[in-house]
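First up is the structure itself, then whatever we jot down about it.
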Amino acid sequence: MTFSAFELVKNALTGQAGWQPHWRKARPKPAYDVVIIGGGGHGLATAYYLAKNFSITNVAVIEKGWIGSGNAGRNTTIIRSNYMLPGNIPFYELGMKLWESMEQDLNFNTMVSQRGVLNLYHSDAQRDSFARRGNAMRIHGVDAELLEREAVRAMVPYLDFDNARFPIRGGLLQRRGGTARHDAVVWGYARAADRRGVDIIENCEVTGLRIEHGKILGVETTQGFVGAGKVGLSVAGSSSRVAAMAGMRLPIEAHVLQAFVSESLKPVIDCVVTFGAGHFYISQSDKGSLVFGGDLDPYPSYAQRGSLATFCDVMENAVAMLPMLSRLRILRNWGGLIDMSMDGSPIIDRTPTDGLFFNGGWCYGGFKATPAAGFCLAHFIASGDPHPAAASYRLDRFARGCVIDEKGAGPSPNLH
Amino acid sequence: MLINCPFCGLRDLGEFSVNGEAVARPVAHDDFDDADLRASFVDAVYFRDNPAGLHREYWFHAAGCQSWLLVERDTRTHDISKVELARSQEHDKEMTS
Amino acid sequence: MTGGFRLPESGLIDRSRRISFTFDGKPYRGYAGDTLASALLANGVRIFGRSFKYHRPRGVLGSGHEEPNALVELRVNARREPNIKATTVELYEGLEARSQNRWPSLGFDAMALNGLLKPIFAAGFYYKTFMWPAPFWEKVYEPMIRRAAGLGAAGVSEDPDSYERAHAHCDVLVIGGGPAGLTAALTVARSGAKVVLCDEDARLGGRLLHESQILDGKPARQWVDEVVGELAAMSNVQILTRTSVAAVFDGGVYAALEHVADHLVKPAPFMPRQRFWRIAARKAILASGAIERPLVFPGNDRPGIMLASAVRGYLYRFGVAVGRAIAIYTATDDGWTTARELIKAGIKPVAVIDRRTKAPDLFADVADAVPVVLGGRIIAAKGAKGVNSITVENASGRHEYAVDAVASSGGFNPSIQLASHFRGRPAWNDEIQSFVAGDSIGGLTTAGAATGIYALGDVLQSGSATALAALAALEHPAKAIALPIAEPEATGLTAAWWQPGNRDTGAKAFVDYQHDVTASDVVLAHREGYRSVEHLKRYTTLGMATDQGRTSNLDALAIMAQLTGRSISETGVTLSRPPVAPIAIGAVAGDHKREAFRPVRETPIHGYALERGAIFVDVGQWKRPQYYPFPDDADLLATANREVNQVRSQVGVTDVSTLGKIEVEGPDAAAFLDRVCAMRPSAIKIGRCGYLIMLREDGILLDDGMFARFAEDRYVAYVSTAHAASTYRHMQYCRQVLWPHFDVNLTAITDVWVQLAIAGPKSPAVLQALVDPPVEITRAAFPPMKAAEITVCNGVPARLCGLSFSGERSFELGVPAGYGKALIRRVMEVGAPYGIVTYGSEAMGVMRIEKGHPAGGEVNGQTTAYDLGMERATAKDKDHIGQILSRRPALIDPARPRLVGIKPLAPTDRIRGGAHIFPKSAIPSPETDLGWISSSCYSPTLSSWIGLALVSGGPDRIGEKVSVYDPLRNSEVAAEIVPSCFVDPKGERSRV
Amino acid sequence: MSDLSGVSERDAAFGLTLETTPHYYGCGRRGRAGAEPGVVLQLVVGDERFNIEARRGKTDELFISLRETFGRAPIKPMRTVEAGGFEFISIGPSRWHAISRGPDRDERHALLREAIHDLATMVEIAHGFIVFRLTGPMVTEVLIKHVRVDLDPEVFSPGACVTTELHGMTVQLRRTCDGDAYECAVARSYGGSLFHALTCAADPYGLLVLPAGDV
Ligand SMILES: Cc1cc2nc3c(=O)[nH]c(=O)nc-3n(C[C@H](O)[C@H](O)[C@H](O)COP(=O)(O)OP(=O)(O)OC[C@H]3O[C@@H](n4cnc5c(N)ncnc54)[C@H](O)[C@@H]3O)c2cc1C
Ligand SMILES: NC(=O)c1ccc[n+]([C@@H]2O[C@H](COP(=O)([O-])OP(=O)(O)OC[C@H]3O[C@@H](n4cnc5c(N)ncnc54)[C@H](O)[C@@H]3O)[C@@H](O)[C@H]2O)c1
Ligand SMILES: Cc1cc2nc3c(=O)[nH]c(=O)nc-3n(C[C@H](O)[C@H](O)[C@H](O)COP(=O)(O)O)c2cc1C
Ligand SMILES: [Zn+2]
């Protein structure tokens, strides 16, 4: 069923009785052309683009829990393409373009809201490095503006301009950046993929990979063996665990990233703002909650819950940047399991196992990549060659020394 | 998380900084361009077991006794089963090898 | 009943202390001991606010933190706080509260029209609409939705109150001071172990404050007073009331929020508003009680429809009758208790409607006194501004009752949120038809009603047993305490969930009051495939409001369970997360705000720089003097130019104390440093300085700096300000982890020494006037790169190095920090005849760019020694950190961005850091991008803007004409690539 | 071996004067008014302080030597051992601070240097620290706002010493051997922030800041 104003009214008048499941509750078939492991945004988008762009529809997405139960369901929803390094910009900009046409493409309102992403700077050195980044964006045809202090004040009047420990000097703004409704992205891709014939299999955990003579044959799951011509691995925080099933070690460490929402309030913050003198970022959801977060917890973890030290640090940053937050209340705090790569940039590549493809290392920034990652992984799986926009995201870059290290933090995942 | 520093006792996470998995530095030989040697460094510097379970890692008691610690911790529960001074550990290794 | 709804006698309120307050501007009166909710109810107020989505009038449901409905805005101006639960606000003189989410008034709300559109606004309607035409989303629909959403409005001015943190330690933390918690705390306390007892209420006693129960033949409240009295007198007990435990973290660390002054108009002077506790507990007992859940029925959100236990609570704790014609709607014995208490208070219920077909045994007295409808269900509740009638159906047919309140009791849910903070899944308990704590709850055990034990005698027993078990685990000797005797109690119930097949499904039967989620929304979610409880939650927003679905989640899960044909246990429950109840962001931040957000580091001459009118710049945590403006300097540039000119022509002094200093001492110092550094420290001669280059193991530059070698076995490393801490940590790592066999010690001495750089052609003369004889500051006796430990100014120990960052003849002079201020004064005195100036980091930065020395913009974690032209200083034949991986092909590719100088063809054309560089007539594109400017400045020495840049194949392009492209700042400048050293490339000036 | 010892003693003769009152240090009563201040704070001047780190494998020998010279050796972690006019506080594995005050420092230092000989690295670091001495009935109330270690008098007994975190700074917090006072030492550059953190926390109890001085 296609969503339309007509359907909406019709169902309103008939007790909402006409709606159907947005995706079928599929059971695994014995075999598929392609199996995607991981029903997060990336896995579902991959399946959708396999079907849409390459007409490969005999596809299953296998998800151990409910779709979106991973980071897709717990991120702070920021989308942007304000990257600095040549390997990154084209990829994230491809993503940005896909966001801009997503609702019509999927016939699902994912609430993509291009309200602007503003990164504050507090020193000349930071301004120069933002300028390097902003100019790189402009050169790639991406929008970027460097704002002076007063222009920042006009956008976000409640920032601490007066008594700050680290006074705000200005900001780098990407107007096309913003937020999207994270769960809706998952559901929208699921529904669109399902409508093209993809099987979405929930509550089915992949427990092993069947590999013979260096070639993938299928996946062992809690619902039995599922044969596959090709397998795409899109399991974010579980990357190392699933890759280990193919005997692979990855340049990835699992970490916790915490996020927070406040109680819901009338609009006070119109764009996404990030602090340059610490780790903090905030936006306000359409529902009215302030959604914010900060630094990741520094130690490897699979626990999906954070530490008090980081909790306190985030609140200190919050009040330092926006003193008006002081009396507002934290409603809920949670943690996601993120796949921090050694240079802070992702990996989309084939693996040494024939037919097994890997997508991961998205760190704390893969939500914005959801459409582009799906697009590029589908391209790789279908064509056997990397998509040009993701051509830098290869595994051998570590051995070769062409890391894509935006922050210059080196092989310390917790510092990216 | 509290870490039981062998010197300082139970201390809050906030006093420490962590270096990730305790990976041994490969032993270099004279041919610094040797492919295997380079591969062993690439592996040690970039690649991780990243287990969901017991993890051996180095921590630095920065706001305390300034010791590097070898910590054994479960990455699923954060339960810490062992903490020792990294130097005594390495020292022992050296003595026995 | 006299005067409104206040009863003549009962209650824990102080009737001698009357309190005036306002709600929506209207004055009311209550008593000390009231909550805002109890006082308003006593005054006959029924509507407290409007609901989130449909703007329906809402009253009070509960009597504590579970409250989903009665949210108000409290206080005024900068202290304004939205979304406050009226049931948790202690009444204080002068309290000002306002209702929320209504326009123009609480009684009439224009947005209530939304309610009529309910058929459209069903769960998930957003996702299906607002897509046409595409550009309308951001411009029209989204702003509309955003305006409509949100409950209260945030205050935007600075919070006038202060907050603090505090830290406590104990053997056992007891969370909750009801009968279970009190018994547990007493058991622990008498054993001598350290106990902290927290309760979010202002008074200890828990449910006993709300009940008329008897213990040992006396009112239970008397027992509470005795226990509290004993606990308060013990030195091993810390009682924290008004303190809610918000979260549990690894290692038995609990976060709790103490509401120090929230019961006052404003905090007294020097009183924090709230205190954020970090409690380290070896064991913890969760005695947080249980919360009643309402029964779901059409119209169940009408003001006046409340929890049965709350009705009783208002009666006993506050002396308030919530209505005059109250119906009891129950599936539990607890509802009958409420009926009995109402009768006792002289308010005979209109009817007791029990979902069960048999009346409970122990309530014959009630059954005799009031009409009873067994096997009954409320199928409608009516009344525009509060319930005024209900329709009840049972086997015998339909009954209509005129009521002004309904006490609803569907069973109790143990308050086990804290037990899930380790993501342990609760376990289903059939007997109580609810979830209890499951495994994996991190050192926390539950007691009392929180375990699903409800009869008072059992609750007391549970508190004591749990405490004994905790003490046993701690191997702390303990004895059981004597427990008071409770009277027999009935705690039976039946499962009474909303049935989706009901023909009244279409009516508004609310499960989540605050988010306006109805039973039919759950049905729709099921229909559309959102059947996992977490999908259900996210699709309908069930349980995502400020009460986190305390009262609603289970009712919704039960509906989903029926729809999917699974048990509730199989259906599962959504995860609860910290905090248990919302906490203010400012309270957690404590005193880390404004200027005190992060500590400041000041150099020993900070006070002097202040006196000289220096302007400071933040470098990490340091405040460094950036420039020393003269009154007639036009701007920073003018000052910097003047300072540079003076240094280059005469002499200047600057503070370089922020550089990290690490003393490296021991017989293996040289051997150790050879492994750590990429150059060869062992080759530095004693009494000399040498360049310092450290790499990361991945071959990227970690830091650069200087070494002074003062003895065979003693070096001082001077590392960059920005990397000082990480470099020290790294060196300790090398020393303790990688090569512990080296006999070498590292001592951080950054703060021990003040360090001044004295630079310029006249610097030798200035130095000569400082040093004690026989030291001579001549070219021969103290050449560049010499390092010596001497005395200055008549005996002050000093370290002097012939180092130059500016390119001039220059010295770095260190003395013990306490002499810093006196030293710089002396330097200025003896330098006066030579026209000495103080210069700041800005002028220093200009001079280092003129000399082509890399700094922060270049040593940025992405560059190698090769990129920055330092590779000649590195040793290729020894194993040091970074040796192997720095040789990877991509790291020695000549096409890498490498350091060069850049100069505009027209000297007045400004070039800026961050601008990109393109071949002269190339069209800017990713393919033609050559690199970027990493640092730039105006050089007064060359009278031109200049820059350092990282340019692909840099040094091979010297002489090429390029375009400096800066679209962010609308600038494009023709420039030339030049060697990175602009001034005195042969270094002659530093050798004079 | 770096040695700045005797600096303060000869100070009078030096051509430079020691800074004793940093710009941020304001004396007098502050905070809540009342008869008795709840807390008294004073900047300690005139401390000598050495960082001593045993040479590799020489810790035991160092103990023996110190014991021979001073009668006692500083073996317990995080405790103060008084010996030979020094307070030895153990601050890390094989690392101590030796703190002393008062007259006869040259002799004292000579003795220490002799005892340590080449068994340890010894660096004079007094100038690298700012030390605040805190007394008064409400001191622990102030400190528990800031430090996460257990200050229960039975745990943090006289002579106890910890290095820990306080408002983002690393401090050395100790209780004097007589139990009367706490001393909080921090790297010199953080002095202003520590002063601010402590005084703000003490204001609610009434605070007296004494002129900097010898204690
Ligand atoms: C707190 C937080 C905030 C963030 N904020 C942002 C942000 O603002 N902007 C941004 O761009 N990014 C953000 N991110 C990162 C972003 O969420 C992730 O990078 C991205 O969602 C990862 O891709 P995914 O959606 O496919 O992953 P996931 O949703 O995690 O999908 C992986 C799926 O694989 C499943 N799976 C794992 N193992 C198996 C198995 N063995 N068998 C079957 N299935 C399996 C998991 O259950 C999961 O559903 C944030 C992350 C977190 C945690
Ligand atoms: N008749 C029934 O069916 C029934 C059902 C449930 C409870 N009860 C009665 O309720 C009482 C239960 O006793 P109890 O001691 O287990 O619970 P309680 O409800 O009496 O006390 C719990 C206390 O914990 C506090 N609290 C809860 N969460 C907290 C937190 N996060 N931080 C700080 N404080 C918190 C509450 O303020 C409350 O004072 C008994 O009297 C029992 O008979 C009866
Ligand atoms: C953008 C965003 C907004 C959220 N808003 C709310 C909210 O208003 N109320 C709420 O209870 N939780 C909210 N959450 C948090 C979720 O309840 C949940 O904690 C999170 O998705 C992680 O899932 P988990 O806690 O089940 O692990 C939000 C989460 C996200 C990512
Ligand atoms: Zn320690």
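Numbering starts fresh at 1 for the residues of each chain in the structure tokens, the chains themselves are lettered A, B, ... in the order given, and ligands are numbered from 1 as they appear.
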
Quiz item: For chain D against chain C, which residues fall within 6 Å using only C-alpha atoms, given as a list in words?
Solution: Phe14, Gly15, Leu16, Thr17, Leu18, Glu19, His23, Arg56, Ile125, His127, Gly128, Ile144, Lys145, Arg148, Arg188, Ser189, Tyr190, Ser193 and Pro204 of chain D

Keeping only all heavy atoms, write those residues as a compact mmCIF listing (two decimals), in the first residue's frame.
```txt
# COMPACT_ATOMS: atom_id res chain seq x y z
N PHE D 14 69.66 36.02 47.97
CA PHE D 14 69.45 36.05 46.53
C PHE D 14 69.04 37.42 46.06
O PHE D 14 68.45 38.20 46.79
CB PHE D 14 68.34 35.07 46.13
CG PHE D 14 68.75 33.64 46.17
CD1 PHE D 14 67.80 32.65 45.99
CD2 PHE D 14 70.07 33.26 46.36
CE1 PHE D 14 68.15 31.33 46.02
CE2 PHE D 14 70.43 31.93 46.39
CZ PHE D 14 69.47 30.96 46.23
N GLY D 15 69.32 37.61 44.81
CA GLY D 15 68.91 38.88 44.23
C GLY D 15 67.45 38.86 43.78
O GLY D 15 66.96 39.84 43.25
N LEU D 16 66.78 37.73 43.93
CA LEU D 16 65.37 37.66 43.53
C LEU D 16 64.53 37.28 44.73
O LEU D 16 64.96 36.45 45.54
CB LEU D 16 65.16 36.60 42.44
CG LEU D 16 65.87 36.82 41.12
CD1 LEU D 16 65.58 35.65 40.18
CD2 LEU D 16 65.46 38.13 40.47
N THR D 17 63.36 37.86 44.83
CA THR D 17 62.51 37.48 45.97
C THR D 17 61.49 36.45 45.53
O THR D 17 61.00 36.45 44.40
CB THR D 17 61.76 38.69 46.53
OG1 THR D 17 61.22 39.41 45.44
CG2 THR D 17 62.67 39.55 47.36
N LEU D 18 61.20 35.59 46.48
CA LEU D 18 60.26 34.51 46.24
C LEU D 18 58.84 35.07 46.25
O LEU D 18 58.49 35.86 47.12
CB LEU D 18 60.41 33.53 47.40
CG LEU D 18 59.99 32.10 47.20
CD1 LEU D 18 60.78 31.46 46.07
CD2 LEU D 18 60.25 31.35 48.51
N GLU D 19 58.04 34.63 45.31
CA GLU D 19 56.64 35.05 45.35
C GLU D 19 55.91 34.20 46.38
O GLU D 19 55.91 32.97 46.30
CB GLU D 19 55.98 34.86 43.99
CG GLU D 19 54.58 35.42 43.98
CD GLU D 19 53.80 35.11 42.71
OE1 GLU D 19 54.02 34.05 42.10
OE2 GLU D 19 52.96 35.93 42.35
N HIS D 23 48.55 36.06 42.76
CA HIS D 23 47.56 37.12 42.48
C HIS D 23 46.14 36.72 42.86
O HIS D 23 45.31 37.55 43.16
CB HIS D 23 47.63 37.52 41.01
CG HIS D 23 47.18 36.44 40.09
ND1 HIS D 23 45.90 36.34 39.63
CD2 HIS D 23 47.83 35.37 39.57
CE1 HIS D 23 45.79 35.27 38.86
NE2 HIS D 23 46.96 34.67 38.81
N ARG D 56 66.09 1.30 39.35
CA ARG D 56 65.53 -0.01 39.04
C ARG D 56 66.17 -1.11 39.89
O ARG D 56 67.40 -1.23 39.94
CB ARG D 56 65.77 -0.31 37.57
CG ARG D 56 64.96 -1.45 37.12
CD ARG D 56 65.16 -1.68 35.66
NE ARG D 56 64.84 -3.06 35.41
CZ ARG D 56 63.61 -3.51 35.40
NH1 ARG D 56 62.61 -2.69 35.59
NH2 ARG D 56 63.38 -4.79 35.19
N ILE D 125 61.30 19.56 43.94
CA ILE D 125 60.11 19.96 43.19
C ILE D 125 59.22 20.91 43.95
O ILE D 125 58.09 21.18 43.55
CB ILE D 125 59.28 18.71 42.79
CG1 ILE D 125 59.02 17.85 44.01
CG2 ILE D 125 59.97 17.92 41.70
CD1 ILE D 125 57.96 16.81 43.80
N HIS D 127 58.97 23.99 44.19
CA HIS D 127 58.43 25.12 43.43
C HIS D 127 57.30 24.72 42.50
O HIS D 127 56.57 25.57 42.00
CB HIS D 127 59.55 25.78 42.63
CG HIS D 127 60.44 26.64 43.46
ND1 HIS D 127 60.29 28.00 43.56
CD2 HIS D 127 61.47 26.32 44.28
CE1 HIS D 127 61.20 28.49 44.37
NE2 HIS D 127 61.94 27.49 44.83
N GLY D 128 57.20 23.43 42.26
CA GLY D 128 56.16 22.96 41.33
C GLY D 128 54.81 22.81 42.00
O GLY D 128 53.83 22.44 41.34
N ILE D 144 34.47 16.40 50.93
CA ILE D 144 33.65 15.36 50.29
C ILE D 144 32.88 15.90 49.10
O ILE D 144 32.35 15.14 48.30
CB ILE D 144 32.68 14.64 51.26
CG1 ILE D 144 31.64 15.60 51.80
CG2 ILE D 144 33.41 13.90 52.35
CD1 ILE D 144 30.39 14.86 52.27
N LYS D 145 32.81 17.21 48.97
CA LYS D 145 32.18 17.74 47.76
C LYS D 145 33.08 17.52 46.56
O LYS D 145 32.63 17.59 45.42
CB LYS D 145 31.95 19.25 47.90
CG LYS D 145 30.93 19.62 48.96
CD LYS D 145 30.69 21.10 48.87
CE LYS D 145 29.99 21.64 50.10
NZ LYS D 145 29.83 23.09 50.03
N ARG D 148 36.71 11.82 45.59
CA ARG D 148 35.94 10.58 45.56
C ARG D 148 36.53 9.49 46.45
O ARG D 148 35.99 8.40 46.50
CB ARG D 148 35.83 10.09 44.12
CG ARG D 148 34.88 10.95 43.30
CD ARG D 148 34.94 10.61 41.84
NE ARG D 148 36.21 10.99 41.27
CZ ARG D 148 36.43 11.19 39.99
NH1 ARG D 148 35.46 11.06 39.11
NH2 ARG D 148 37.62 11.54 39.54
N ARG D 188 51.65 23.75 40.60
CA ARG D 188 51.59 25.19 40.81
C ARG D 188 50.62 25.91 39.87
O ARG D 188 49.87 26.80 40.28
CB ARG D 188 53.00 25.75 40.62
CG ARG D 188 53.09 27.21 40.92
CD ARG D 188 54.49 27.75 40.63
NE ARG D 188 54.60 29.06 41.25
CZ ARG D 188 55.14 29.26 42.44
NH1 ARG D 188 55.66 28.26 43.12
NH2 ARG D 188 55.16 30.46 42.95
N SER D 189 50.63 25.52 38.61
CA SER D 189 49.83 26.25 37.63
C SER D 189 48.32 26.16 37.92
O SER D 189 47.55 26.98 37.47
CB SER D 189 50.11 25.72 36.22
OG SER D 189 49.99 24.32 36.19
N TYR D 190 47.93 25.14 38.68
CA TYR D 190 46.52 24.97 38.99
C TYR D 190 46.11 25.68 40.28
O TYR D 190 44.95 25.59 40.71
CB TYR D 190 46.19 23.48 39.16
CG TYR D 190 46.14 22.71 37.88
CD1 TYR D 190 47.09 21.74 37.59
CD2 TYR D 190 45.11 22.93 36.96
CE1 TYR D 190 47.03 21.01 36.41
CE2 TYR D 190 45.05 22.20 35.79
CZ TYR D 190 46.02 21.24 35.52
OH TYR D 190 45.95 20.52 34.36
N SER D 193 42.87 27.71 40.38
CA SER D 193 41.64 26.93 40.25
C SER D 193 41.36 26.11 41.50
O SER D 193 40.20 25.94 41.90
CB SER D 193 41.72 26.00 39.04
OG SER D 193 41.58 26.75 37.86
N PRO D 204 29.84 28.09 52.25
CA PRO D 204 28.63 27.86 53.03
C PRO D 204 28.88 27.68 54.53
O PRO D 204 27.96 27.80 55.33
CB PRO D 204 28.06 26.56 52.44
CG PRO D 204 28.61 26.51 51.06
CD PRO D 204 29.95 27.15 51.12
```

Exercise. Set the cut-off to 7 Å, count only C-alpha atoms and all ligand atoms, and list whatever residues fall near ligand 1 as number ranges by chain.
Key: A: 37-43, 62-79, 204-207, 234-238, 242, 256-259, 293, 335-338, 362-370

Sorted by chain and rising residue number, which residues of chain D lie within 9 Å of ligand 4, and what are their closest atom pairs and distances in Å to one decimal, counting only C-alpha atoms and all ligand atoms, as JSON lines?
```
{"residue": "D:Ile91", "atom": "CA", "partner": "ligand 4", "partner_atom_place_in_ligand_line": "1 (Zn)", "distance": 8.5}
{"residue": "D:Gly92", "atom": "CA", "partner": "ligand 4", "partner_atom_place_in_ligand_line": "1 (Zn)", "distance": 6.8}
{"residue": "D:Pro93", "atom": "CA", "partner": "ligand 4", "partner_atom_place_in_ligand_line": "1 (Zn)", "distance": 8.5}
{"residue": "D:Thr163", "atom": "CA", "partner": "ligand 4", "partner_atom_place_in_ligand_line": "1 (Zn)", "distance": 8.1}
{"residue": "D:Thr164", "atom": "CA", "partner": "ligand 4", "partner_atom_place_in_ligand_line": "1 (Zn)", "distance": 8.9}
```

Practice problem: Could you tell me which of B:Arg76, B:Arg48, B:His29, B:Arg87 comes closest to chain D if we count only C-alpha atoms? | Solution: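 The closest residue to chain D is B:Arg87.
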
Quiz item: What residues have any atom no more than 6 Å from ligand 2 when counting only C-alpha atoms and all ligand atoms, and can you list them as number ranges by chain?
Solution: C: 175-181, 198-201, 205-208, 243-246, 287-290, 334, 412, 448-450, 454-456, 459, 491, 580

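Restricting the atom set to only C-alpha atoms and all ligand atoms, one finds that the residues within 7 Å of ligand 3 amount to Gly73, Arg74, Asn75, Thr76, Thr77, Arg181, His182, Val261, Glu263, Ser264, Ser285, Lys287, Ser289, Val291, Leu331, Arg332, Asn333, Trp334 and Gly335 of chain A; Glu534, Gly543, Met544, Ala545, Gln548, Thr574, Leu575, Ser576 and Arg577 of chain C.
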
Self-check item: Residues of chain B within 7 Å of chain D, only C-alpha atoms counted, as a ChimeraX atom specification
Solution: /B:7,15,63-66

Quiz prompt | Distance-based interface of chain B with chain A, 12 Å, counting only C-alpha atoms, as an MDAnalysis selection string | solution = chainID B and resid 1:2 11:22 35:59 71:79

With C-alpha atoms kept, could you save the residues just selected as a PDB file, in the first residue's frame?
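See result24.pdb below for the written result:
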```pdb
ATOM      1  CA  MET B   1      33.660   1.636  37.147  1.00  0.00           C
ATOM      2  CA  LEU B   2      36.138   1.318  39.963  1.00  0.00           C
ATOM      3  CA  ARG B  11      39.610   4.369  42.512  1.00  0.00           C
ATOM      4  CA  ASP B  12      37.134   5.924  40.165  1.00  0.00           C
ATOM      5  CA  LEU B  13      37.427   5.445  36.443  1.00  0.00           C
ATOM      6  CA  GLY B  14      37.821   9.198  36.015  1.00  0.00           C
ATOM      7  CA  GLU B  15      41.348   9.040  37.419  1.00  0.00           C
ATOM      8  CA  PHE B  16      42.569   6.713  34.714  1.00  0.00           C
ATOM      9  CA  SER B  17      43.189   6.763  31.025  1.00  0.00           C
ATOM     10  CA  VAL B  18      43.111   3.635  28.952  1.00  0.00           C
ATOM     11  CA  ASN B  19      45.210   2.446  26.081  1.00  0.00           C
ATOM     12  CA  GLY B  20      43.095  -0.425  24.819  1.00  0.00           C
ATOM     13  CA  GLU B  21      44.100  -4.023  24.333  1.00  0.00           C
ATOM     14  CA  ALA B  22      47.437  -5.040  25.812  1.00  0.00           C
ATOM     15  CA  ALA B  35      57.593  -7.351   4.823  1.00  0.00           C
ATOM     16  CA  ASP B  36      56.851  -9.741   7.671  1.00  0.00           C
ATOM     17  CA  LEU B  37      58.188  -7.341  10.223  1.00  0.00           C
ATOM     18  CA  ARG B  38      56.046  -4.575   8.815  1.00  0.00           C
ATOM     19  CA  ALA B  39      53.045  -6.883   8.787  1.00  0.00           C
ATOM     20  CA  SER B  40      53.581  -7.731  12.412  1.00  0.00           C
ATOM     21  CA  PHE B  41      53.641  -4.048  13.312  1.00  0.00           C
ATOM     22  CA  VAL B  42      50.561  -3.326  11.198  1.00  0.00           C
ATOM     23  CA  ASP B  43      48.829  -6.126  13.000  1.00  0.00           C
ATOM     24  CA  ALA B  44      49.911  -5.005  16.454  1.00  0.00           C
ATOM     25  CA  VAL B  45      49.107  -1.352  15.868  1.00  0.00           C
ATOM     26  CA  TYR B  46      45.815  -1.622  13.999  1.00  0.00           C
ATOM     27  CA  PHE B  47      44.176  -4.997  14.429  1.00  0.00           C
ATOM     28  CA  ARG B  48      42.347  -6.160  17.520  1.00  0.00           C
ATOM     29  CA  ASP B  49      40.696  -9.306  18.791  1.00  0.00           C
ATOM     30  CA  ASN B  50      38.107  -7.037  20.332  1.00  0.00           C
ATOM     31  CA  PRO B  51      36.506  -9.884  22.249  1.00  0.00           C
ATOM     32  CA  ALA B  52      33.107  -9.789  23.884  1.00  0.00           C
ATOM     33  CA  GLY B  53      34.458 -11.238  27.085  1.00  0.00           C
ATOM     34  CA  LEU B  54      37.727 -11.252  28.908  1.00  0.00           C
ATOM     35  CA  HIS B  55      40.013  -8.466  27.747  1.00  0.00           C
ATOM     36  CA  ARG B  56      43.547  -7.639  28.824  1.00  0.00           C
ATOM     37  CA  GLU B  57      44.264  -3.958  28.564  1.00  0.00           C
ATOM     38  CA  TYR B  58      46.584  -1.227  29.740  1.00  0.00           C
ATOM     39  CA  TRP B  59      45.404   1.614  31.918  1.00  0.00           C
ATOM     40  CA  VAL B  71      43.799  -4.915  33.765  1.00  0.00           C
ATOM     41  CA  GLU B  72      41.784  -8.009  32.997  1.00  0.00           C
ATOM     42  CA  ARG B  73      38.181  -7.035  32.426  1.00  0.00           C
ATOM     43  CA  ASP B  74      35.080  -8.527  30.899  1.00  0.00           C
ATOM     44  CA  THR B  75      33.887  -6.237  28.140  1.00  0.00           C
ATOM     45  CA  ARG B  76      30.297  -7.460  28.492  1.00  0.00           C
ATOM     46  CA  THR B  77      29.906  -6.861  32.212  1.00  0.00           C
ATOM     47  CA  HIS B  78      32.841  -4.559  33.007  1.00  0.00           C
ATOM     48  CA  ASP B  79      33.750  -6.905  35.833  1.00  0.00           C
TER      49      ASP B  79
END
```

Practice problem: Can you check which residues of segment 116-341 of chain A DSSP gives as strand (DSSP E or B) on the backbone and send them as a PyMOL selection string? | Solution: chain A and resi 117-121+145-148+170-174+178-179+199-201+206-212+215-221+224-233+250+252-265+272-274+280-284+289-300+329-341
